[in-house]
Every structure is written in C-alpha cells, then in structure tokens.
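Participant: This is the content of my_file-v7.cif (mmCIF, C-alpha atoms):
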data_run
#
loop_
_atom_site.group_PDB
_atom_site.id
_atom_site.type_symbol
_atom_site.label_atom_id
_atom_site.label_comp_id
_atom_site.auth_asym_id
_atom_site.auth_seq_id
_atom_site.Cartn_x
_atom_site.Cartn_y
_atom_site.Cartn_z
ATOM 1 C CA MET A 22 -4.708 3.105 17.478
ATOM 2 C CA THR A 23 -3.632 -0.250 16.048
ATOM 3 C CA ASN A 24 -4.088 -3.115 18.466
ATOM 4 C CA ASN A 25 -5.177 -5.863 16.080
ATOM 5 C CA LEU A 26 -4.870 -7.003 12.485
ATOM 6 C CA GLN A 27 -8.288 -5.663 11.550
ATOM 7 C CA ALA A 28 -7.694 -2.192 12.999
ATOM 8 C CA THR A 29 -8.541 0.542 10.495
ATOM 9 C CA THR A 30 -7.773 4.155 9.723
ATOM 10 C CA THR A 31 -10.605 6.345 8.465
ATOM 11 C CA LEU A 32 -9.911 7.983 5.116
ATOM 12 C CA SER A 33 -10.994 11.563 4.382
ATOM 13 C CA ASN A 34 -14.274 10.346 2.862
ATOM 14 C CA GLY A 35 -15.151 8.170 5.861
ATOM 15 C CA VAL A 36 -14.122 4.840 4.315
ATOM 16 C CA LYS A 37 -12.269 2.551 6.734
ATOM 17 C CA MET A 38 -8.975 1.127 5.479
ATOM 18 C CA PRO A 39 -6.977 -1.537 7.346
ATOM 19 C CA TRP A 40 -3.651 -0.338 8.710
ATOM 20 C CA PHE A 41 -2.055 -3.605 7.656
ATOM 21 C CA GLY A 42 -2.312 -5.698 4.494
ATOM 22 C CA LEU A 43 -0.623 -8.072 2.087
ATOM 23 C CA GLY A 44 1.221 -6.883 -1.009
ATOM 24 C CA VAL A 45 1.638 -9.190 -4.015
ATOM 25 C CA PHE A 46 4.256 -7.334 -6.088
ATOM 26 C CA LYS A 47 6.305 -9.754 -8.251
ATOM 27 C CA VAL A 48 4.195 -12.757 -7.236
ATOM 28 C CA GLU A 49 3.335 -14.594 -10.436
ATOM 29 C CA GLU A 50 -0.018 -16.145 -11.241
ATOM 30 C CA GLY A 51 -0.354 -19.684 -9.936
ATOM 31 C CA PRO A 52 -0.905 -21.765 -6.801
ATOM 32 C CA GLU A 53 1.751 -19.922 -4.748
ATOM 33 C CA LEU A 54 -0.110 -16.633 -5.204
ATOM 34 C CA VAL A 55 -3.574 -18.096 -4.565
ATOM 35 C CA ASN A 56 -2.365 -19.965 -1.476
ATOM 36 C CA ALA A 57 -0.572 -16.917 -0.048
ATOM 37 C CA VAL A 58 -3.601 -14.631 -0.396
ATOM 38 C CA LYS A 59 -5.956 -17.275 1.009
ATOM 39 C CA PHE A 60 -3.598 -18.018 3.891
ATOM 40 C CA ALA A 61 -3.298 -14.316 4.737
ATOM 41 C CA ILE A 62 -7.080 -13.900 4.766
ATOM 42 C CA LYS A 63 -7.423 -17.019 6.927
ATOM 43 C CA GLN A 64 -4.906 -15.485 9.365
ATOM 44 C CA GLY A 65 -7.009 -12.327 9.655
ATOM 45 C CA TYR A 66 -5.602 -10.066 6.930
ATOM 46 C CA ARG A 67 -8.371 -8.040 5.314
ATOM 47 C CA SER A 68 -6.399 -5.815 2.918
ATOM 48 C CA ILE A 69 -4.865 -7.111 -0.331
ATOM 49 C CA ASP A 70 -2.880 -4.796 -2.620
ATOM 50 C CA THR A 71 -2.314 -5.611 -6.288
ATOM 51 C CA ALA A 72 -1.874 -3.685 -9.563
ATOM 52 C CA ALA A 73 -2.499 -4.166 -13.258
ATOM 53 C CA ILE A 74 1.228 -4.290 -14.009
ATOM 54 C CA TYR A 75 1.776 -7.126 -11.511
ATOM 55 C CA GLY A 76 -0.061 -9.414 -13.932
ATOM 56 C CA ASN A 77 -1.686 -11.339 -11.090
ATOM 57 C CA GLU A 78 -5.149 -9.820 -10.646
ATOM 58 C CA GLU A 79 -6.851 -13.026 -11.818
ATOM 59 C CA GLY A 80 -5.080 -15.126 -9.190
ATOM 60 C CA VAL A 81 -5.858 -12.579 -6.484
ATOM 61 C CA GLY A 82 -9.509 -12.669 -7.527
ATOM 62 C CA GLN A 83 -9.558 -16.465 -7.432
ATOM 63 C CA ALA A 84 -8.058 -16.441 -3.937
ATOM 64 C CA ILE A 85 -10.641 -13.903 -2.747
ATOM 65 C CA ARG A 86 -13.539 -15.994 -4.068
ATOM 66 C CA GLU A 87 -12.171 -19.185 -2.522
ATOM 67 C CA ALA A 88 -11.497 -17.451 0.803
ATOM 68 C CA ILE A 89 -15.043 -16.063 0.933
ATOM 69 C CA ASN A 90 -16.446 -19.529 0.267
ATOM 70 C CA GLU A 91 -14.166 -21.386 2.662
ATOM 71 C CA PHE A 92 -13.669 -19.018 5.599
ATOM 72 C CA GLY A 93 -17.129 -17.545 6.068
ATOM 73 C CA ILE A 94 -16.198 -13.932 5.371
ATOM 74 C CA THR A 95 -17.956 -11.453 3.098
ATOM 75 C CA ARG A 96 -16.620 -9.303 0.269
ATOM 76 C CA GLU A 97 -17.506 -6.241 2.355
ATOM 77 C CA GLU A 98 -15.028 -7.315 5.048
ATOM 78 C CA LEU A 99 -12.162 -7.151 2.555
ATOM 79 C CA PHE A 100 -10.292 -4.086 1.289
ATOM 80 C CA ILE A 101 -8.956 -4.630 -2.229
ATOM 81 C CA THR A 102 -6.595 -2.181 -3.953
ATOM 82 C CA SER A 103 -5.408 -2.091 -7.562
ATOM 83 C CA LYS A 104 -3.620 0.502 -9.688
ATOM 84 C CA VAL A 105 -3.780 1.843 -13.235
ATOM 85 C CA TRP A 106 -0.514 1.398 -15.147
ATOM 86 C CA ASN A 107 1.384 4.166 -16.948
ATOM 87 C CA SER A 108 0.467 3.051 -20.486
ATOM 88 C CA ASP A 109 -3.240 3.316 -19.558
ATOM 89 C CA LEU A 110 -3.098 6.818 -18.099
ATOM 90 C CA GLY A 111 -5.530 9.225 -19.750
ATOM 91 C CA TYR A 112 -9.251 9.808 -19.227
ATOM 92 C CA GLU A 113 -10.923 7.120 -21.377
ATOM 93 C CA SER A 114 -8.033 4.678 -21.063
ATOM 94 C CA THR A 115 -8.086 4.889 -17.256
ATOM 95 C CA LEU A 116 -11.821 4.198 -17.192
ATOM 96 C CA LYS A 117 -11.186 1.167 -19.399
ATOM 97 C CA ALA A 118 -8.267 0.028 -17.233
ATOM 98 C CA TYR A 119 -10.548 0.054 -14.199
ATOM 99 C CA GLU A 120 -13.056 -2.200 -15.968
ATOM 100 C CA ASN A 121 -10.223 -4.518 -17.023
ATOM 101 C CA SER A 122 -8.937 -4.798 -13.452
ATOM 102 C CA LEU A 123 -12.431 -5.493 -12.132
ATOM 103 C CA ALA A 124 -12.996 -8.165 -14.782
ATOM 104 C CA LYS A 125 -9.700 -9.906 -14.003
ATOM 105 C CA LEU A 126 -10.361 -9.787 -10.267
ATOM 106 C CA GLY A 127 -13.962 -10.903 -10.791
ATOM 107 C CA LEU A 128 -15.228 -8.163 -8.479
ATOM 108 C CA ASP A 129 -18.081 -5.649 -8.665
ATOM 109 C CA TYR A 130 -16.005 -2.818 -7.175
ATOM 110 C CA LEU A 131 -12.617 -1.940 -5.727
ATOM 111 C CA ASP A 132 -12.113 -0.428 -2.306
ATOM 112 C CA LEU A 133 -9.192 1.668 -3.538
ATOM 113 C CA PHE A 134 -7.949 2.504 -7.045
ATOM 114 C CA LEU A 135 -4.638 4.318 -7.464
ATOM 115 C CA ILE A 136 -2.672 6.034 -10.224
ATOM 116 C CA HIS A 137 0.500 3.942 -10.106
ATOM 117 C CA TRP A 138 3.055 6.604 -11.167
ATOM 118 C CA PRO A 139 2.844 10.363 -11.869
ATOM 119 C CA VAL A 140 3.599 10.289 -15.611
ATOM 120 C CA GLU A 141 3.995 13.902 -16.739
ATOM 121 C CA GLY A 142 1.149 15.166 -18.898
ATOM 122 C CA LYS A 143 -1.036 12.134 -18.208
ATOM 123 C CA TYR A 144 -1.844 11.867 -14.525
ATOM 124 C CA LYS A 145 -4.301 14.769 -14.379
ATOM 125 C CA ASP A 146 -6.574 13.245 -17.042
ATOM 126 C CA ALA A 147 -6.298 9.941 -15.192
ATOM 127 C CA TRP A 148 -7.311 11.689 -11.976
ATOM 128 C CA ARG A 149 -10.447 13.048 -13.674
ATOM 129 C CA ALA A 150 -11.297 9.460 -14.615
ATOM 130 C CA LEU A 151 -10.861 8.323 -11.011
ATOM 131 C CA GLU A 152 -13.160 11.139 -9.893
ATOM 132 C CA THR A 153 -15.749 9.967 -12.448
ATOM 133 C CA LEU A 154 -15.560 6.399 -11.138
ATOM 134 C CA TYR A 155 -15.818 7.604 -7.557
ATOM 135 C CA LYS A 156 -18.780 9.916 -8.192
ATOM 136 C CA ALA A 157 -20.554 7.055 -9.979
ATOM 137 C CA GLY A 158 -20.139 4.856 -6.902
ATOM 138 C CA ARG A 159 -17.937 2.376 -8.773
ATOM 139 C CA VAL A 160 -15.047 2.583 -6.316
ATOM 140 C CA LYS A 161 -15.010 3.245 -2.555
ATOM 141 C CA ALA A 162 -11.875 5.406 -2.482
ATOM 142 C CA ILE A 163 -9.348 6.857 -4.930
ATOM 143 C CA GLY A 164 -5.743 7.878 -4.560
ATOM 144 C CA VAL A 165 -2.273 8.023 -6.032
ATOM 145 C CA SER A 166 1.024 6.216 -5.734
ATOM 146 C CA ASN A 167 4.579 7.566 -5.853
ATOM 147 C CA PHE A 168 3.444 11.197 -5.970
ATOM 148 C CA GLN A 169 5.832 13.830 -4.660
ATOM 149 C CA VAL A 170 4.670 17.147 -3.191
ATOM 150 C CA HIS A 171 4.735 18.995 -6.522
ATOM 151 C CA HIS A 172 2.663 16.254 -8.179
ATOM 152 C CA LEU A 173 0.094 16.435 -5.386
ATOM 153 C CA GLU A 174 -0.051 20.224 -5.575
ATOM 154 C CA ASP A 175 -0.592 19.960 -9.340
ATOM 155 C CA VAL A 176 -3.490 17.513 -8.925
ATOM 156 C CA LEU A 177 -5.082 19.548 -6.138
ATOM 157 C CA LYS A 178 -5.127 22.683 -8.331
ATOM 158 C CA ASN A 179 -7.947 21.273 -10.469
ATOM 159 C CA ALA A 180 -9.258 18.315 -8.498
ATOM 160 C CA GLU A 181 -12.891 18.196 -7.418
ATOM 161 C CA ILE A 182 -12.001 15.366 -5.053
ATOM 162 C CA LYS A 183 -8.634 15.183 -3.359
ATOM 163 C CA PRO A 184 -6.673 11.931 -3.251
ATOM 164 C CA MET A 185 -7.507 9.852 -0.184
ATOM 165 C CA VAL A 186 -4.253 7.848 -0.188
ATOM 166 C CA ASN A 187 -0.676 8.280 -1.405
ATOM 167 C CA GLN A 188 1.199 4.980 -1.540
ATOM 168 C CA VAL A 189 4.957 5.509 -1.731
ATOM 169 C CA GLU A 190 8.245 3.742 -1.131
ATOM 170 C CA TYR A 191 8.750 4.158 2.604
ATOM 171 C CA HIS A 192 11.212 2.497 4.974
ATOM 172 C CA PRO A 193 13.809 3.601 7.556
ATOM 173 C CA ARG A 194 16.288 4.645 4.848
ATOM 174 C CA LEU A 195 13.637 6.593 2.896
ATOM 175 C CA THR A 196 11.212 8.367 5.224
ATOM 176 C CA GLN A 197 9.993 10.990 2.690
ATOM 177 C CA ALA A 198 9.345 13.405 5.561
ATOM 178 C CA GLU A 199 8.351 16.322 3.315
ATOM 179 C CA VAL A 200 5.818 14.253 1.350
ATOM 180 C CA LYS A 201 4.418 12.720 4.530
ATOM 181 C CA ALA A 202 4.037 16.132 6.189
ATOM 182 C CA PHE A 203 2.157 17.419 3.121
ATOM 183 C CA CYS A 204 -0.139 14.374 3.095
ATOM 184 C CA ASP A 205 -0.799 14.638 6.836
ATOM 185 C CA LYS A 206 -1.640 18.334 6.468
ATOM 186 C CA ASN A 207 -4.023 17.652 3.568
ATOM 187 C CA GLY A 208 -5.801 14.617 5.000
ATOM 188 C CA ILE A 209 -4.179 12.171 2.557
ATOM 189 C CA GLN A 210 -3.410 8.805 4.159
ATOM 190 C CA PHE A 211 0.235 7.798 3.766
ATOM 191 C CA GLU A 212 0.873 4.171 2.769
ATOM 192 C CA ALA A 213 4.173 2.293 2.485
ATOM 193 C CA TRP A 214 5.274 -0.013 -0.296
ATOM 194 C CA SER A 215 8.528 -1.929 0.116
ATOM 195 C CA PRO A 216 8.377 -1.240 3.881
ATOM 196 C CA LEU A 217 11.144 -3.789 4.511
ATOM 197 C CA MET A 218 13.345 -2.405 1.730
ATOM 198 C CA GLN A 219 13.262 -5.802 0.021
ATOM 199 C CA GLY A 220 15.070 -7.379 2.966
ATOM 200 C CA GLN A 221 18.052 -5.024 2.784
ATOM 201 C CA LEU A 222 17.560 -3.823 6.365
ATOM 202 C CA PHE A 223 17.558 -7.191 8.112
ATOM 203 C CA ASP A 224 21.244 -6.962 9.069
ATOM 204 C CA HIS A 225 21.181 -3.327 10.184
ATOM 205 C CA PRO A 226 22.986 -3.062 13.568
ATOM 206 C CA LEU A 227 20.493 -0.675 15.231
ATOM 207 C CA LEU A 228 17.469 -2.649 14.063
ATOM 208 C CA LYS A 229 19.061 -5.892 15.283
ATOM 209 C CA VAL A 230 19.647 -4.322 18.710
ATOM 210 C CA LEU A 231 16.023 -3.158 18.868
ATOM 211 C CA ALA A 232 14.813 -6.596 17.782
ATOM 212 C CA ILE A 233 16.640 -8.133 20.748
ATOM 213 C CA LYS A 234 15.364 -5.410 23.087
ATOM 214 C CA TYR A 235 11.715 -6.053 22.181
ATOM 215 C CA ASN A 236 12.124 -9.789 21.546
ATOM 216 C CA LYS A 237 10.852 -9.328 17.985
ATOM 217 C CA SER A 238 12.270 -9.767 14.478
ATOM 218 C CA VAL A 239 13.797 -6.851 12.568
ATOM 219 C CA ALA A 240 10.834 -6.999 10.168
ATOM 220 C CA GLN A 241 8.401 -6.687 13.065
ATOM 221 C CA ILE A 242 10.305 -3.689 14.451
ATOM 222 C CA ILE A 243 10.136 -1.897 11.075
ATOM 223 C CA LEU A 244 6.453 -2.673 10.490
ATOM 224 C CA ARG A 245 5.567 -1.506 13.991
ATOM 225 C CA TRP A 246 7.499 1.722 13.312
ATOM 226 C CA ASP A 247 5.297 2.219 10.229
ATOM 227 C CA LEU A 248 2.091 1.896 12.207
ATOM 228 C CA GLN A 249 3.214 4.122 15.057
ATOM 229 C CA ASN A 250 4.089 6.782 12.487
ATOM 230 C CA GLY A 251 0.534 6.604 11.139
ATOM 231 C CA VAL A 252 1.575 4.843 7.934
ATOM 232 C CA VAL A 253 -0.505 2.045 6.396
ATOM 233 C CA THR A 254 1.775 -0.851 5.452
ATOM 234 C CA ILE A 255 1.495 -3.801 3.032
ATOM 235 C CA PRO A 256 4.539 -6.101 3.291
ATOM 236 C CA LYS A 257 4.788 -8.716 0.567
ATOM 237 C CA SER A 258 5.340 -12.397 1.304
ATOM 238 C CA THR A 259 4.240 -15.757 -0.025
ATOM 239 C CA LYS A 260 5.707 -17.757 2.867
ATOM 240 C CA GLU A 261 3.161 -18.759 5.511
ATOM 241 C CA GLN A 262 5.586 -18.328 8.409
ATOM 242 C CA ARG A 263 6.497 -14.806 7.227
ATOM 243 C CA ILE A 264 2.847 -13.867 6.640
ATOM 244 C CA ILE A 265 2.148 -14.759 10.280
ATOM 245 C CA GLU A 266 5.338 -13.126 11.584
ATOM 246 C CA ASN A 267 4.806 -9.855 9.701
ATOM 247 C CA SER A 268 1.352 -9.446 11.217
ATOM 248 C CA SER A 269 2.384 -10.306 14.783
ATOM 249 C CA ILE A 270 3.075 -6.689 15.695
ATOM 250 C CA PHE A 271 0.038 -5.760 17.742
ATOM 251 C CA ASP A 272 1.286 -6.978 21.126
ATOM 252 C CA PHE A 273 4.051 -4.418 21.676
ATOM 253 C CA GLU A 274 4.817 -0.734 21.234
ATOM 254 C CA LEU A 275 8.070 1.012 20.386
ATOM 255 C CA LYS A 276 9.205 3.722 22.795
ATOM 256 C CA ALA A 277 9.368 7.269 21.421
ATOM 257 C CA GLU A 278 13.165 7.390 21.530
ATOM 258 C CA ASP A 279 13.370 4.140 19.544
ATOM 259 C CA LEU A 280 10.936 5.471 16.939
ATOM 260 C CA ASP A 281 13.192 8.521 16.570
ATOM 261 C CA GLN A 282 16.313 6.374 16.298
ATOM 262 C CA ILE A 283 14.771 4.375 13.461
ATOM 263 C CA SER A 284 13.629 7.537 11.673
ATOM 264 C CA SER A 285 17.166 8.941 11.951
ATOM 265 C CA LEU A 286 18.391 6.164 9.629
ATOM 266 C CA ASN A 287 16.927 8.083 6.679
ATOM 267 C CA GLU A 288 19.385 8.577 3.799
ATOM 268 C CA ASN A 289 16.828 9.355 1.063
ATOM 269 C CA HIS A 290 17.848 6.003 -0.412
ATOM 270 C CA ARG A 291 15.468 4.396 -2.918
ATOM 271 C CA VAL A 292 15.264 0.775 -4.027
ATOM 272 C CA GLY A 293 12.592 1.704 -6.579
ATOM 273 C CA PRO A 294 12.512 4.361 -9.328
ATOM 274 C CA ASN A 295 12.577 8.081 -8.656
ATOM 275 C CA PRO A 296 9.062 9.449 -9.385
ATOM 276 C CA ASP A 297 10.644 12.471 -11.080
ATOM 277 C CA ASN A 298 12.448 10.305 -13.633
ATOM 278 C CA ILE A 299 9.807 8.027 -15.105
ATOM 279 C CA ASP A 300 10.779 6.497 -18.432
ATOM 280 C CA PHE A 301 8.620 3.372 -18.289
#
If you took the structure in this file and wrote it as structure tokens, what would it be?

Facilitator:
Amino acid sequence: MTNNLQATTTLSNGVKMPWFGLGVFKVEEGPELVNAVKFAIKQGYRSIDTAAIYGNEEGVGQAIREAINEFGITREELFITSKVWNSDLGYESTLKAYENSLAKLGLDYLDLFLIHWPVEGKYKDAWRALETLYKAGRVKAIGVSNFQVHHLEDVLKNAEIKPMVNQVEYHPRLTQAEVKAFCDKNGIQFEAWSPLMQGQLFDHPLLKVLAIKYNKSVAQIILRWDLQNGVVTIPKSTKEQRIIENSSIFDFELKAEDLDQISSLNENHRVGPNPDNIDF
C-alpha cells in the first residue's frame, strides 16, 4: 500500500491523494514557513495542508512557486489543501473564500478544499458551494473536516456529491472508530490532523517499547500506525531533522498485534475542540 513518500490513495472520484504530507498549523508567515515547505518538497513530500485561518497561505504559495522553480517539479505533482473558515461558511461567502485562498496561494486551483468545522446551520450551504466549485472544475476534490457521523449523515441527505475526505483529530488516544467506520463504509477517505497529539504521546510507555522494538522513534511508530490503518496523515513540523524523520516510515511495517495494542490506547481524549460544541 504505502512503500514510499509519494504513494497515493485514490479518492472516490479517482483523484490520487498522497498518504503523507506536511501540515502548517500555527506556523506564522515568514522565512521559517517558506523554508519548511520548500525543504519538505525537496525531501519528496508532495502534499501540503493549510487553511484560511492559519493566516499563512501566502507563504505556502511562495514556497510552492520557489520549489517548482528550484527543484524541477510541476504544480501537477503537488497536492495542495486549504479550508474555508467558520465565519465564511454560507453559499456565496464560501465561493468568495475559495477565491481568496487561491489568490493568497497564487494558484489556479486547489487539489482539495474542505469545510473546516461543521457550524450548525451553515455547513450545508457551504457544501453546496463546494459542489458548485467542483462541478465547474475549479477544484480537484472536496471534503470536510471535523465532521462527526451525524454531520456527515446530514450532508449526505441533500448532497449531489458526497465528501471525498474527512479530516479529523486522530491519534492513539482518539481513534474515532465510529466516524472512521462510517467514512470507510461510504468511501470517504479518513485523514488525521494532530496525529502526534502535539507531542503529548512521546513519553508513552507502550509507544516507547515499540519504538525500541522497531528501532524507530515514537513519532515514526504513530505515523506508521496511521498509514496501516488506511488513514492519510499530515504531521506538522518546521524543523528539517523532524521533517525527514517523520517521513522515514516506509521501510518497516508494524505487526498486527502491535497495531491493535496502539489502537487500544484510545480514551476518546481530544486536544482540539469538540465538533459538537463550536463557539468560534
């Protein structure tokens, strides 16, 4: 399935999405951001995940342009994701938000555009806007982020096009088994944000034992667990050593019993907001 950094999963509409990418949450505009994105692309990363609310789309776009010029790759080789923020949810406002993201990134299209959070009373109009963009050929794939089963069921009731991706908080202490099962059943690719739980798992006894067993870091064990569970993952880092380390997970495989042990750490514990209590 995933034996190299450019390995892809095929979304329900036939678009190929890399299993592994770089997230840039909380990375401010500036040289650190540009250098991190360029370095990742130079190392073989092809997927970059940003969002309007991160306030760094311009820097990501600059890094993409410089990488294309310097490393001999094409725009078509890259998979760029952004997301519409809560205050822009609605039909016309979502269409406008897409144009704003494109303008900041300096791109002609996005590979994936997501609704960032399921704000009650707003996300269905936003989904219609994403369908409009998709049908017009403006975006390669559309999806959602942080949607629970009931949100997905609500969207699917009226949707002409079903979401291709659901990006959620996912790590060994929050496996969201019910949501993942629903997505798997409905052909919606599951994607993890905060896969390393913001570093809070690095001292976990079981994960440290497994790291020694496989001669890998705890981060590499977790990220490999993602992939073997069929979950796209986008760990965030700006440090070159960590960008290399995170992606060095294609030369080993976790045994089934170790996968199960990691999954058994689930405590339904979130580091991010609960999608059912959105007040932002």

Participant: Counting only C-alpha atoms, what is within 12 Å of segment 261-272 of chain A, bar same-chain residues fewer than 3 positions away, as a ChimeraX atom specification?

Facilitator: /A:22-28,40-45,53-54,56-68,216-217,232,235-249,254-258,275

Participant: Restrict the selected residues to C-alpha atoms and save them as a short mmCIF file (atom, residue, chain, number, x, y, z; two decimals), in the coordinates of the input.

Facilitator:
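Writing the result to again_23.cif gives the following:
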data_model
loop_
_atom_site.label_atom_id
_atom_site.label_comp_id
_atom_site.auth_asym_id
_atom_site.auth_seq_id
_atom_site.Cartn_x
_atom_site.Cartn_y
_atom_site.Cartn_z
CA MET A 22 -4.71 3.10 17.48
CA THR A 23 -3.63 -0.25 16.05
CA ASN A 24 -4.09 -3.12 18.47
CA ASN A 25 -5.18 -5.86 16.08
CA LEU A 26 -4.87 -7.00 12.48
CA GLN A 27 -8.29 -5.66 11.55
CA ALA A 28 -7.69 -2.19 13.00
CA TRP A 40 -3.65 -0.34 8.71
CA PHE A 41 -2.06 -3.60 7.66
CA GLY A 42 -2.31 -5.70 4.49
CA LEU A 43 -0.62 -8.07 2.09
CA GLY A 44 1.22 -6.88 -1.01
CA VAL A 45 1.64 -9.19 -4.01
CA GLU A 53 1.75 -19.92 -4.75
CA LEU A 54 -0.11 -16.63 -5.20
CA ASN A 56 -2.37 -19.96 -1.48
CA ALA A 57 -0.57 -16.92 -0.05
CA VAL A 58 -3.60 -14.63 -0.40
CA LYS A 59 -5.96 -17.27 1.01
CA PHE A 60 -3.60 -18.02 3.89
CA ALA A 61 -3.30 -14.32 4.74
CA ILE A 62 -7.08 -13.90 4.77
CA LYS A 63 -7.42 -17.02 6.93
CA GLN A 64 -4.91 -15.48 9.36
CA GLY A 65 -7.01 -12.33 9.65
CA TYR A 66 -5.60 -10.07 6.93
CA ARG A 67 -8.37 -8.04 5.31
CA SER A 68 -6.40 -5.82 2.92
CA PRO A 216 8.38 -1.24 3.88
CA LEU A 217 11.14 -3.79 4.51
CA ALA A 232 14.81 -6.60 17.78
CA TYR A 235 11.72 -6.05 22.18
CA ASN A 236 12.12 -9.79 21.55
CA LYS A 237 10.85 -9.33 17.98
CA SER A 238 12.27 -9.77 14.48
CA VAL A 239 13.80 -6.85 12.57
CA ALA A 240 10.83 -7.00 10.17
CA GLN A 241 8.40 -6.69 13.06
CA ILE A 242 10.30 -3.69 14.45
CA ILE A 243 10.14 -1.90 11.08
CA LEU A 244 6.45 -2.67 10.49
CA ARG A 245 5.57 -1.51 13.99
CA TRP A 246 7.50 1.72 13.31
CA ASP A 247 5.30 2.22 10.23
CA LEU A 248 2.09 1.90 12.21
CA GLN A 249 3.21 4.12 15.06
CA THR A 254 1.78 -0.85 5.45
CA ILE A 255 1.50 -3.80 3.03
CA PRO A 256 4.54 -6.10 3.29
CA LYS A 257 4.79 -8.72 0.57
CA SER A 258 5.34 -12.40 1.30
CA LEU A 275 8.07 1.01 20.39
#

Participant: Would you list the contacts of Gly293 of chain A as JSON, numbers by chain, taking every protein, DNA or RNA residue within 12 Å and counting all atoms listed in the file, but skipping same-chain residues closer than 2 positions in sequence?

Facilitator: {"A": [138, 167, 189, 190, 191, 192, 195, 214, 215, 216, 218, 219, 289, 290, 291, 295, 296, 297, 298, 299]}

Participant: So, with all atoms listed in the file as the atoms that count, which of A:Asp281, A:Pro294, A:Gly76, A:Lys145 lies closest to Lys178 of chain A?

Facilitator: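 For Lys178 of chain A, the nearest of the candidates is A:Lys145.
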
Participant: Expressed in Å to a single decimal, how great is the separation between atom CA of Val253 of chain A and atom CA of Lys183 of chain A?

Facilitator: 18.3 Å

Participant: Could you pull the residues within 9 Å of Glu181 of chain A, counting all atoms listed in the file, minus those fewer than 4 positions along the same chain, as a list in words?

Facilitator: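 In the requested format, the answer is Arg149, Glu152 and Leu177 of chain A.
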
Participant: Counting all atoms listed in the file, note down every residue that has an atom within 12 Å of the point (-9.7, -6.2, -16.9) (file coordinates), as a VMD selection string.

Facilitator: chain A and resid 72 to 74 76 to 79 82 103 to 105 109 114 to 129

Participant: What does the file look like for those residues with C-alpha atoms, as a short mmCIF file (atom, residue, chain, number, x, y, z; two decimals), in the coordinates of the input?

Facilitator:
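Below is the file part14.cif, written as the result:
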data_model
loop_
_atom_site.label_atom_id
_atom_site.label_comp_id
_atom_site.auth_asym_id
_atom_site.auth_seq_id
_atom_site.Cartn_x
_atom_site.Cartn_y
_atom_site.Cartn_z
CA ALA A 72 -1.87 -3.68 -9.56
CA ALA A 73 -2.50 -4.17 -13.26
CA ILE A 74 1.23 -4.29 -14.01
CA GLY A 76 -0.06 -9.41 -13.93
CA ASN A 77 -1.69 -11.34 -11.09
CA GLU A 78 -5.15 -9.82 -10.65
CA GLU A 79 -6.85 -13.03 -11.82
CA GLY A 82 -9.51 -12.67 -7.53
CA SER A 103 -5.41 -2.09 -7.56
CA LYS A 104 -3.62 0.50 -9.69
CA VAL A 105 -3.78 1.84 -13.24
CA ASP A 109 -3.24 3.32 -19.56
CA SER A 114 -8.03 4.68 -21.06
CA THR A 115 -8.09 4.89 -17.26
CA LEU A 116 -11.82 4.20 -17.19
CA LYS A 117 -11.19 1.17 -19.40
CA ALA A 118 -8.27 0.03 -17.23
CA TYR A 119 -10.55 0.05 -14.20
CA GLU A 120 -13.06 -2.20 -15.97
CA ASN A 121 -10.22 -4.52 -17.02
CA SER A 122 -8.94 -4.80 -13.45
CA LEU A 123 -12.43 -5.49 -12.13
CA ALA A 124 -13.00 -8.16 -14.78
CA LYS A 125 -9.70 -9.91 -14.00
CA LEU A 126 -10.36 -9.79 -10.27
CA GLY A 127 -13.96 -10.90 -10.79
CA LEU A 128 -15.23 -8.16 -8.48
CA ASP A 129 -18.08 -5.65 -8.66
#

Participant: Give the answer as one residue: which of A:Val81, A:Leu231, A:Val200, A:Ile209 has the shortest atom-to-atom distance to Ile163 of chain A, using only C-alpha atoms?

Facilitator: A:Ile209

Participant: Find the distance between atom CA of Leu151 of chain A and atom CA of Ile89 of chain A and write it in Å to one decimal.

Facilitator: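 Answer for the atom CA of Leu151 of chain A to atom CA of Ile89 of chain A separation: 27.5 Å.
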
Participant: Work out how far apart atom CA of Leu227 of chain A and atom CA of Ile283 of chain A are and give it in Å to one decimal.

Facilitator: 7.8 Å

Participant: Considering only C-alpha atoms, can you say which of A:Lys161, A:Lys201, A:Arg194, A:Lys156 comes closest to Gly35 of chain A?

Facilitator: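 Counting only C-alpha atoms, the residue closest to Gly35 of chain A is A:Lys161.
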
Participant: Nearest to Ile101 of chain A among A:Lys37, A:Lys143, A:His225, A:Lys234, with distances taken over all atoms listed in the file: which residue is it?

Facilitator: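 Residue with the minimum atom-to-atom distance to Ile101 of chain A: A:Lys37.
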
Participant: Would you mind telling me which residue in A:Glu98, A:Pro52, A:Pro226, A:Asp300 lies nearest to Glu141 of chain A when using all atoms listed in the file?

Facilitator: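 That would be A:Asp300, the residue with the smallest distance to Glu141 of chain A.
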
Participant: Find the residue from A:Thr29, A:Gly51, A:Gln221, A:Ser166 that sits nearest to Gly80 of chain A; use all atoms listed in the file when measuring.

Facilitator: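 Of A:Thr29, A:Gly51, A:Gln221, A:Ser166, the one nearest Gly80 of chain A is A:Gly51, counting all atoms listed in the file.
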